[in-house]
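Single-structure report; data block below.
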Amino acid sequence: MEEKQRFSNFLLVAAVIIWGWFVFVVPKMNPPKNLAEKKLEQNDSVDEKVEGEVSADPAGGEKKAEKIPAGDAKNDEKKPAAPVAKPVKVKDYPQRDDVQIGSTDVAENYRLLVKFHSTGAVISEVQLIDPRYHDLSKLRQPLKLIQIEPEAVLKTLQLDIPEVDLELKPFKKKLTDVNWELVKDELKEDAATWRYVTPDDGLEIQKKFSIKKAVPGQNNEFEAYKIGFEIVLINHGEKKRTVHYELSGPVGIALENRFYAQKTRDLALGFISPAGAITSKLLTPATLHTNLENQKEEEWYTPLKYAGVDSQYFAALLLPEMDQNKEHYFESSKAVFADEEPANAKTNARLRNVTVQFKSVELDLPAAKPAKKEGKAEDLPKIAHQFHLFAGPKRADLLRPMGAENIIDYGISGRLGIPQALLTLLSFYNAALSFLPWSYGFAIILLTITVRSCMFPLSRKQAVMAAKMQELQPELTALKEKYKATPEKFASAQMELFSRHKCNPLSGCLWALVQLPIFFGLYQAFTISVEMRGAPFLWVNNLAAPDALFDFPGNVPMLGPSFNLLPILTVCLFLVQQKYMMPPATTPEQEMQHKMFFYMTIGMGLMFYSVPAGMCVYFIASSLWGLAERKLLPKPKLGGSSGGVIGGTGGTSSPSKFTLTTKAAKNPGRG
């Protein structure tokens with residue numbers, strides 16, 4: 001009973017205390033506002049937002065009304081309200097992704113179609129219009145050479161200005177996040193201009209883009225693969241501004257045939273010396289990943305001639321218009337990954353998106369004079385940096401005007417000019433046979449005939465020696481049996497036998513040595529030839545890649561995702577040719593040698609499984625030429641003759657069929 005009484009008393013006392021607090025204490029802590037203060041609050045609460053604009057306090061905090069001392073209400077009404085600062089507004093224009101320059105109509109003679117996205121005013125897509133460079137997975141569709149990929153964190157020609165980002169920070173935005181305004185008066189079929197004005201209306205940033213047509217007969221195709229790009233900074237304010245920008249290079253270049261591609265996306269840079277010499281540098285994504293893991297950044301401070309990304313057949317390179325030895329645009333250039341790091345970054349590093357990020361020098365913009373503040377943009381202080389972005393195939397005639405021809409990797413044999421000569425000859429034959437279907441396939445066959453004809457003297461000599469060795473095999477076997485206990489006498493007798501028949505077993509090595517650089521040159525030529533990319537022949541729709549007769553359900557170890565028939569045919573012909581070239585085994589050692597050559601040829605087949613189909617066409621044509629050469633030309637004459645003209649198969653023919661060998665065979669002990 002006492003506990004209930006205590007609880008009731010507690011509630012009563014608590015209610016009295018709360019009532020007294022709100023009645024007597026709270027009014028004294030918050031006195032009623034006078035009329036001026038109420039008006040000031042009303043002014044602060046006026047909604048001055050414009051469509052597409054967001055208002056905020058410049059300092060990022062809440063606005064507070066300025067308190068006016070309490071006084072006579074009538075006097076207070078006569079006092080003017082305190083001036084209110086105009087709220088700062090961040091411009092955020094409507095989002096657009098429908099803006100483009102160029103045309104997909106081939107008859108218009110444009111080589112590019114460029115699409116944009118208003119967020120950051122970036123290039124969202126670059127299509128190649130030339131039918132020669134169509135999309136391999138979508139025939140007769142333009143290739144999207146550059147596009148925004150889902151995992152990308154940087155975009156092509158993305159521009160950021162840290163000083164502007166500070167102004168946008170209260171709005172939780174950056175220059176790369178806001179939508180830019182399309183300048184409608186400057187939108188044309190071949191040009192577009194985007195602009196953004198800072199929240200304080202003090203700085204205007206413009207990004208201008210343009211392209212050109214290819215004019216038939218004027219040899220200006222290089223110009224048609226260039227995207228003109230200009231950054232313009234205009235100071236509208238009455239204060240001097242010092243800013244710098246960070247610019248991303250090309251991002252998202254097309255990656256074709258990922259499994260069989262000889263290269264994916266490499267960074268290509270050209271540094272220019274004070275004397276004007278260009279030094280090229282290539283950096284693979286795998287190397288960049290390793291360097292970053294080892295805390296080694298790839299950053300350069302040397303003036304650039306060009307920088308960008310290249311794949312096996314295409315390149316996207318950014319080039320400053322001005323000589324960077326005379327007018328420096330950039331303080332530094334840095335290699336970066338342009339995508340989010342995947343979980344298995346080390347394994348898939350070669351497939352990652354890479355680009356170059358440029359940091360400009362500090363740019364001083366003088367204050368705008370009051371008389372010019374409302375004038376035209378060209379009357380205001382401004383700075384402009386001009387570039388062009390090359391986006392096109394890696395053809396020497398297109399890259400040479402930029403000084404970027406070194407990004408075409410001709411390999412070791414390129415120092416001898418072999419791939420260049422073969423590609424020139426191949427292009428000539430293709431042009432001559434352009435009236436035929438599969439012209440590039442027949443051009444490869446003509447190239448094979450040309451190469452084999454030029455090397456015919458060497459191949460004939462090698463065939464002569466191989467046939468002589470084949471016919472001398474019984475005598476060599478007899479000598480080995482006779483002198484098996486004295487190897488020195490056998491060596492002497494063997495040399496005398498070779499001398500008597502003018503046979504040099506090592507002469508075939510010269511044929512192999514001459515073929516080696518030609519082989520590497522051919523491989524490199526077929527690997528880098530953008531003209532051969534997409535060229536059809538028989539069932540093959542791309543001579544620059546494996547023939548891919550059909551796809552496997554998944555990746556097969558050592559073979560890949562597709563069944564390639566041409567490498568198998570090539571190896572079969574190699575084995576047939578090997579059988580005709582090598583004498584029949586008459587001893588266990590020779591049998592072992594034959595087996596070794598057989599397994600080596602099978603191993604070569606596995607190595608050749610992923611080579612371009614054009615390479616296999618060359619090998620098949622070359623093997624058929626060699627077999628015909630051995631079959632159709634006369635057989636050798638021994639017994640001291642000079643060897644004559646040869647080309648016989650030899651094969652399993654019995655020595656008794658050759659009368660000139662029987663004399664030596666009857667007296668194997670001679671020599």
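Following the order of the structure tokens, first chain is A, next is B, and so on, with residues numbered from 1 inside each chain and ligands from 1 in the order they appear.
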
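All residues of protein, DNA or RNA that reach within 8 Å of A:Tyr225, judged by only C-alpha atoms and not counting those fewer than 4 positions away in the chain, are Arg111, Leu112, Ile211, Lys212, Glu221, Phe390, Ala391 and Gly392 of chain A.
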
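Those residues that approach A:Ile383 to within 8 Å, counting only C-alpha atoms, are Val232, Leu233, Ile234, Leu363, Leu365, Pro381 and His385 of chain A; same-chain residues fewer than 2 positions away are not listed.
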
For the interface of stretch 391-441 of chain A with stretch 256-277 of chain A (cut-off 10 Å, counting only C-alpha atoms), please tabulate each contacting residue of stretch 391-441 of chain A alongside its nearest pair of atoms and their separation in Å to one decimal, rows sorted by chain and increasing number, as CSV.
```
residue,atom,partner,partner_atom,distance
A:Met402,CA,A:Gly270,CA,9.8
A:Gly403,CA,A:Gly270,CA,8.3
A:Ala404,CA,A:Gly270,CA,7.2
A:Asn406,CA,A:Gly270,CA,9.0
A:Ile407,CA,A:Ala268,CA,6.8
```

For the residues selected in the previous step, produce a file with all heavy atoms as a compact mmCIF listing (two decimals), in the first residue's frame.
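Output file selection-v6.txt follows:
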```txt
# COMPACT_ATOMS: atom_id res chain seq x y z
N MET A 402 51.92 10.67 -88.02
CA MET A 402 51.99 10.99 -86.59
C MET A 402 53.33 10.63 -85.98
O MET A 402 53.57 10.91 -84.81
CB MET A 402 50.89 10.22 -85.83
CG MET A 402 49.48 10.51 -86.30
SD MET A 402 48.26 9.65 -85.28
CE MET A 402 48.61 7.94 -85.65
N GLY A 403 54.18 9.95 -86.75
CA GLY A 403 55.43 9.44 -86.18
C GLY A 403 55.21 8.24 -85.29
O GLY A 403 56.04 7.93 -84.44
N ALA A 404 54.06 7.54 -85.48
CA ALA A 404 53.70 6.43 -84.60
C ALA A 404 53.79 5.08 -85.30
O ALA A 404 53.22 4.09 -84.81
CB ALA A 404 52.28 6.63 -84.06
N ASN A 406 56.04 3.01 -85.33
CA ASN A 406 56.75 1.99 -84.53
C ASN A 406 55.84 1.17 -83.65
O ASN A 406 56.29 0.18 -83.06
CB ASN A 406 57.82 2.66 -83.68
CG ASN A 406 59.02 3.10 -84.49
OD1 ASN A 406 59.26 2.59 -85.58
ND2 ASN A 406 59.77 4.07 -84.00
N ILE A 407 54.57 1.56 -83.52
CA ILE A 407 53.68 0.73 -82.70
C ILE A 407 53.30 -0.55 -83.45
O ILE A 407 52.74 -1.47 -82.85
CB ILE A 407 52.41 1.49 -82.27
CG1 ILE A 407 51.49 1.75 -83.45
CG2 ILE A 407 52.76 2.78 -81.55
CD1 ILE A 407 50.14 2.30 -83.05
```

*Write down as JSON, numbers by chain the residues of stretch 200-244 of chain A whose backbone DSSP state falls under helix (DSSP H, G or I).*
{"A": [221, 222, 223, 224]}

Non-local contacts of A:Pro567 (10 Å; only C-alpha atoms; under 5 positions in same chain excluded) as a short mmCIF file (atom, residue, chain, number, x, y, z; two decimals) with N, CA and C atoms, in the first residue's frame:
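Result written to part28.cif:
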```cif
data_model
loop_
_atom_site.label_atom_id
_atom_site.label_comp_id
_atom_site.auth_asym_id
_atom_site.auth_seq_id
_atom_site.Cartn_x
_atom_site.Cartn_y
_atom_site.Cartn_z
N PRO A 546 42.69 -18.22 -86.37
CA PRO A 546 42.46 -19.63 -86.68
C PRO A 546 41.12 -19.84 -87.39
N ASP A 547 41.05 -20.91 -88.21
CA ASP A 547 39.88 -21.06 -89.09
C ASP A 547 38.60 -21.40 -88.35
N CYS A 572 49.62 -32.95 -91.34
CA CYS A 572 49.55 -34.17 -92.18
C CYS A 572 50.46 -34.03 -93.41
N LEU A 573 50.44 -32.89 -94.05
CA LEU A 573 51.33 -32.68 -95.20
C LEU A 573 52.79 -32.65 -94.78
N MET A 604 54.92 -29.73 -83.20
CA MET A 604 54.79 -28.50 -83.98
C MET A 604 53.33 -28.25 -84.34
N GLY A 605 52.59 -29.35 -84.58
CA GLY A 605 51.17 -29.20 -84.90
C GLY A 605 50.41 -28.55 -83.75
N LEU A 606 50.74 -28.94 -82.51
CA LEU A 606 50.10 -28.32 -81.35
C LEU A 606 50.48 -26.84 -81.25
N MET A 607 51.75 -26.55 -81.58
CA MET A 607 52.18 -25.15 -81.55
C MET A 607 51.49 -24.33 -82.62
N PHE A 608 51.26 -24.95 -83.79
CA PHE A 608 50.65 -24.25 -84.91
C PHE A 608 49.13 -24.19 -84.81
N TYR A 609 48.56 -24.82 -83.80
CA TYR A 609 47.10 -24.93 -83.74
C TYR A 609 46.41 -23.57 -83.67
N SER A 610 47.07 -22.59 -83.09
CA SER A 610 46.44 -21.28 -82.92
C SER A 610 47.01 -20.22 -83.86
N VAL A 611 47.78 -20.62 -84.88
CA VAL A 611 48.33 -19.63 -85.80
C VAL A 611 47.23 -19.15 -86.74
N PRO A 612 47.40 -17.98 -87.36
CA PRO A 612 46.38 -17.49 -88.31
C PRO A 612 46.15 -18.47 -89.45
N ALA A 613 44.93 -18.51 -89.93
CA ALA A 613 44.58 -19.41 -91.02
C ALA A 613 45.39 -19.10 -92.28
N MET A 615 48.44 -18.28 -92.41
CA MET A 615 49.74 -18.95 -92.27
C MET A 615 49.62 -20.42 -92.67
N CYS A 616 48.52 -21.05 -92.27
CA CYS A 616 48.32 -22.46 -92.64
C CYS A 616 48.13 -22.61 -94.15
N VAL A 617 47.43 -21.67 -94.77
CA VAL A 617 47.27 -21.71 -96.23
C VAL A 617 48.64 -21.64 -96.90
N PHE A 619 51.57 -22.62 -95.59
CA PHE A 619 52.30 -23.86 -95.34
C PHE A 619 51.76 -25.00 -96.21
N ILE A 620 50.45 -25.05 -96.36
CA ILE A 620 49.86 -26.10 -97.19
C ILE A 620 50.31 -25.94 -98.64
#
```

*Write down as a ChimeraX atom specification the residues belonging to stretch 494-575 of chain A that are assigned strand (DSSP E) by DSSP computed on the backbone.*
/A:550-556,560-563

Could you turn the residues from that selection into a file that holds N, CA and C atoms, as a PDB file, in the first residue's frame?
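Listing of part-v1.pdb after writing:
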```
ATOM      1  N   PHE A 550      34.329 -25.174 -86.132  1.00  0.00           N
ATOM      2  CA  PHE A 550      33.184 -25.143 -85.213  1.00  0.00           C
ATOM      3  C   PHE A 550      33.737 -24.949 -83.798  1.00  0.00           C
ATOM      4  N   ASP A 551      32.860 -24.537 -82.900  1.00  0.00           N
ATOM      5  CA  ASP A 551      33.254 -24.252 -81.516  1.00  0.00           C
ATOM      6  C   ASP A 551      33.046 -25.470 -80.642  1.00  0.00           C
ATOM      7  N   PHE A 552      33.962 -25.668 -79.693  1.00  0.00           N
ATOM      8  CA  PHE A 552      33.783 -26.693 -78.671  1.00  0.00           C
ATOM      9  C   PHE A 552      32.785 -26.190 -77.629  1.00  0.00           C
ATOM     10  N   PRO A 553      32.204 -27.097 -76.844  1.00  0.00           N
ATOM     11  CA  PRO A 553      31.303 -26.643 -75.762  1.00  0.00           C
ATOM     12  C   PRO A 553      32.018 -25.746 -74.750  1.00  0.00           C
ATOM     13  N   GLY A 554      33.315 -25.924 -74.616  1.00  0.00           N
ATOM     14  CA  GLY A 554      34.106 -25.098 -73.701  1.00  0.00           C
ATOM     15  C   GLY A 554      35.550 -25.074 -74.166  1.00  0.00           C
ATOM     16  N   ASN A 555      36.428 -24.518 -73.350  1.00  0.00           N
ATOM     17  CA  ASN A 555      37.846 -24.477 -73.698  1.00  0.00           C
ATOM     18  C   ASN A 555      38.477 -25.845 -73.497  1.00  0.00           C
ATOM     19  N   VAL A 556      39.095 -26.372 -74.549  1.00  0.00           N
ATOM     20  CA  VAL A 556      39.804 -27.655 -74.468  1.00  0.00           C
ATOM     21  C   VAL A 556      41.273 -27.357 -74.173  1.00  0.00           C
ATOM     22  N   GLY A 560      41.994 -24.860 -77.064  1.00  0.00           N
ATOM     23  CA  GLY A 560      41.223 -23.635 -76.993  1.00  0.00           C
ATOM     24  C   GLY A 560      39.742 -23.859 -77.225  1.00  0.00           C
ATOM     25  N   PRO A 561      39.013 -22.818 -77.632  1.00  0.00           N
ATOM     26  CA  PRO A 561      37.554 -22.909 -77.706  1.00  0.00           C
ATOM     27  C   PRO A 561      37.001 -23.427 -79.027  1.00  0.00           C
ATOM     28  N   SER A 562      37.866 -23.687 -80.032  1.00  0.00           N
ATOM     29  CA  SER A 562      37.333 -24.059 -81.350  1.00  0.00           C
ATOM     30  C   SER A 562      38.161 -25.158 -81.993  1.00  0.00           C
ATOM     31  N   PHE A 563      37.527 -25.878 -82.926  1.00  0.00           N
ATOM     32  CA  PHE A 563      38.221 -26.902 -83.708  1.00  0.00           C
ATOM     33  C   PHE A 563      38.755 -26.247 -84.980  1.00  0.00           C
TER      34      PHE A 563
END
```

_Of the listed residues A:Arg132, A:Arg140, A:Arg352, A:Arg195, that which approaches A:Asp339 most closely, counting only C-alpha atoms_ = A:Arg352

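Among A:Asn541, A:Thr193, A:Ser248, A:Ser492, the residue with the shortest atom-to-atom distance to A:Ala121, counting only C-alpha atoms, is A:Thr193.
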